[in-house]
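Heads up: the structure comes next, in structure tokens.
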Amino acid sequence: MKLFVETASFFNWLKGLSMRYFVLFGLLIFIPPTKAEVIKGFNVSRLSQTLHILTDVKYNTNIGLVTTKDGVVLIDPMPGKGRLAELMKLIVKIDGQAPSYILNTHSHEDHSGGNAFFIKQGAKLVGSDFKINEIEGITVNSHTSQDEVFYHKKSNSLFVGDVFDSSWHPTFYAGGLKGFDKAIDHILALGNEDTRIVPGHGKPANKESLREFRKHTHNWVAHIRKLSLKGMGISEIMHDDHTVELLNMFNVENRSPFIPERAYRMFIKRTLTIISQEWPTNHKPQTTNHKP
Ligand SMILES: [Zn+2]
């Protein structure tokens with residue numbers, strides 16, 4: 001009887017121990033630390049066992065390197081024209097194999113410009129009807145009329161292309177404010193609160209940053225509309241203190257200056273175009289400078 005009790009408590013002790021080790025083991029194995037380093041001009045961030053983000057230090061497009069059972073999947077593999085061969089070498093070094101699939105978040109050159117090169121290396125470009133088991137895709141209309149958002153469940157990461165940019169102001173020029181809002185709603189509905197949001201450019205963020213970005217975008221549009229309704233022209237709007245303040249809300253990385261003056265002017269001009277499309281009946285944007 002005593003032996004039985006001792007044996008039983010020994011097993012209970014062993015069970016408790018193995019549970020603790022399992023948890024410890026689990027943490028060590030399944031939550032690998034994020035590692036970031038620069039290799040041959042690329043920022044390489046190892047975000048999980050199955051996900052790396054590669055970014056040419058000068059070109060700045062976030063390239064997703066996703067390891068799946070179907071093979072290596074590249075998302076937006078464009079590091080600049082002269083850097084494609086070097087990117088290929090880096091991919092093989094990291095993953096030990098050439099890429100099998102290419103996905104693009106949208107068709108702009110800074111995301112799709114490497115497609116031809118990787119197709120020549122044997123990769124297959126897949127569109128919105130793709131069937132890669134571990135990646136889910138949805139189409140939205142914000143930065144372009146066909147923005148693809150990719151969700152990789154294993155690493156709990158969402159690739160949102162230029163619908164969201166953590167290093168720039170919003171560029172919702174195809175879908176306007178309505179398309180932008182819908183896109184953000186779709187993105188927020190995927191994954192959970194811990195889901196990592198990988199923008200087309202800028203540092204990976206989270207859902208809270210995305211909600212902030214949406215709030216700042218709405219404040220921006222409302223303010224530009226208000227000034228425009230007052231009859232202010234682009235130059236006046238540019239020099240308005242609150243406009244500068246609102247622009248700076250997008251300057252998450254605290255760059256100085258945040259964006260070139262030409263880009264600032266263009267952002268206001270394009271915002272006015274969106275406003276005239278969304279409020280066509282009660283708003284006529286001023287495109288020339290209005291001086292009293
Ligand atoms: Zn881009």
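How things are named: the first chain in the structure tokens is A, the next is B, and so on; residues count from 1 in each chain; ligands count from 1 in the order shown.
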Just want the 12 Å neighbourhood of Asp241 in chain A, counted on only C-alpha atoms, with same-chain residues fewer than 6 positions away dropped. Output as a list in words. His223, Ile224, Leu227, Leu247 and Asn248 of chain A
Written selection (C-alpha atoms) as an mmCIF file, in the first residue's frame:
data_model
loop_
_atom_site.group_PDB
_atom_site.id
_atom_site.type_symbol
_atom_site.label_atom_id
_atom_site.label_comp_id
_atom_site.auth_asym_id
_atom_site.auth_seq_id
_atom_site.Cartn_x
_atom_site.Cartn_y
_atom_site.Cartn_z
ATOM 1 C CA HIS A 223 -9.405 69.164 -41.150
ATOM 2 C CA ILE A 224 -8.342 69.518 -44.789
ATOM 3 C CA LEU A 227 -9.972 74.506 -44.452
ATOM 4 C CA LEU A 247 0.676 65.407 -40.666
ATOM 5 C CA ASN A 248 3.155 64.750 -37.881
#
As an mmCIF file with C-alpha atoms, in the first residue's frame, please: all residues of range 181-266 of chain A that backbone DSSP puts in strand (DSSP E or B).
data_model
loop_
_atom_site.group_PDB
_atom_site.id
_atom_site.type_symbol
_atom_site.label_atom_id
_atom_site.label_comp_id
_atom_site.auth_asym_id
_atom_site.auth_seq_id
_atom_site.Cartn_x
_atom_site.Cartn_y
_atom_site.Cartn_z
ATOM 1 C CA ARG A 196 1.472 41.376 -36.288
ATOM 2 C CA ILE A 197 0.730 43.890 -39.036
ATOM 3 C CA VAL A 198 3.451 43.993 -41.706
ATOM 4 C CA PRO A 199 3.106 47.144 -43.815
ATOM 5 C CA HIS A 201 7.031 49.967 -45.923
ATOM 6 C CA ALA A 205 3.206 47.124 -36.106
#
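Nearest residue to ligand 1 among A:Gly200, A:Pro260, A:Gly176, A:Gly122 is A:Gly200, counting only C-alpha atoms and all ligand atoms.
Among the candidates A:Thr273, A:Ser235, A:Thr144, A:Ser45, the residue lying nearest to ligand 1 is A:Thr144 (atoms considered: only C-alpha atoms and all ligand atoms).
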Mind listing the residues within 10 Å of ligand 1, only C-alpha atoms and all ligand atoms counted, as number ranges by chain? A: 60-62, 76, 78, 105-112, 143, 161-165, 171, 199-201
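Considering only C-alpha atoms, the residue among A:Glu148, A:Asp56, A:Glu134, A:Glu253 positioned nearest to Gly202 in chain A is A:Glu253.
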For Ile119 in chain A, find every residue with an atom within 12 Å (counting only C-alpha atoms), except residues of its own chain fewer than 2 positions away, and show them as a VMD selection string. chain A and resid 74 77 84 88 98 to 103 112 to 117 121 to 126
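Straight-line separation from CA of Asp95 in chain A to CA of Thr67 in chain A: 7.6 Å.
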Residue contacts of Ile274 in chain A (9 Å, only C-alpha atoms) excluding same-chain residues fewer than 6 positions away, as a PDB file with N, CA and C atoms, in the first residue's frame:
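File written: part_15.pdb
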ATOM      1  N   PHE A 172      -4.525  56.433 -49.693  1.00  0.00           N
ATOM      2  CA  PHE A 172      -5.795  55.726 -49.952  1.00  0.00           C
ATOM      3  C   PHE A 172      -6.436  56.262 -51.229  1.00  0.00           C
ATOM      4  N   TYR A 173      -5.650  56.395 -52.261  1.00  0.00           N
ATOM      5  CA  TYR A 173      -6.067  57.150 -53.446  1.00  0.00           C
ATOM      6  C   TYR A 173      -7.025  56.411 -54.377  1.00  0.00           C
ATOM      7  N   ALA A 174      -7.095  55.091 -54.288  1.00  0.00           N
ATOM      8  CA  ALA A 174      -8.032  54.373 -55.169  1.00  0.00           C
ATOM      9  C   ALA A 174      -9.405  54.232 -54.505  1.00  0.00           C
ATOM     10  N   GLY A 175      -9.420  53.897 -53.230  1.00  0.00           N
ATOM     11  CA  GLY A 175     -10.699  53.613 -52.568  1.00  0.00           C
ATOM     12  C   GLY A 175     -11.274  54.788 -51.802  1.00  0.00           C
ATOM     13  N   GLY A 176     -10.491  55.861 -51.659  1.00  0.00           N
ATOM     14  CA  GLY A 176     -10.959  57.000 -50.863  1.00  0.00           C
ATOM     15  C   GLY A 176     -11.125  56.598 -49.402  1.00  0.00           C
ATOM     16  N   LEU A 177     -11.795  57.459 -48.654  1.00  0.00           N
ATOM     17  CA  LEU A 177     -11.962  57.205 -47.225  1.00  0.00           C
ATOM     18  C   LEU A 177     -12.830  55.963 -46.973  1.00  0.00           C
ATOM     19  N   VAL A 221      -8.432  64.152 -42.881  1.00  0.00           N
ATOM     20  CA  VAL A 221      -9.388  64.455 -43.952  1.00  0.00           C
ATOM     21  C   VAL A 221     -10.390  65.519 -43.483  1.00  0.00           C
TER      22      VAL A 221
END
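The space separating CA of Pro79 in chain A from CA of Asp181 in chain A comes to 29.4 Å.
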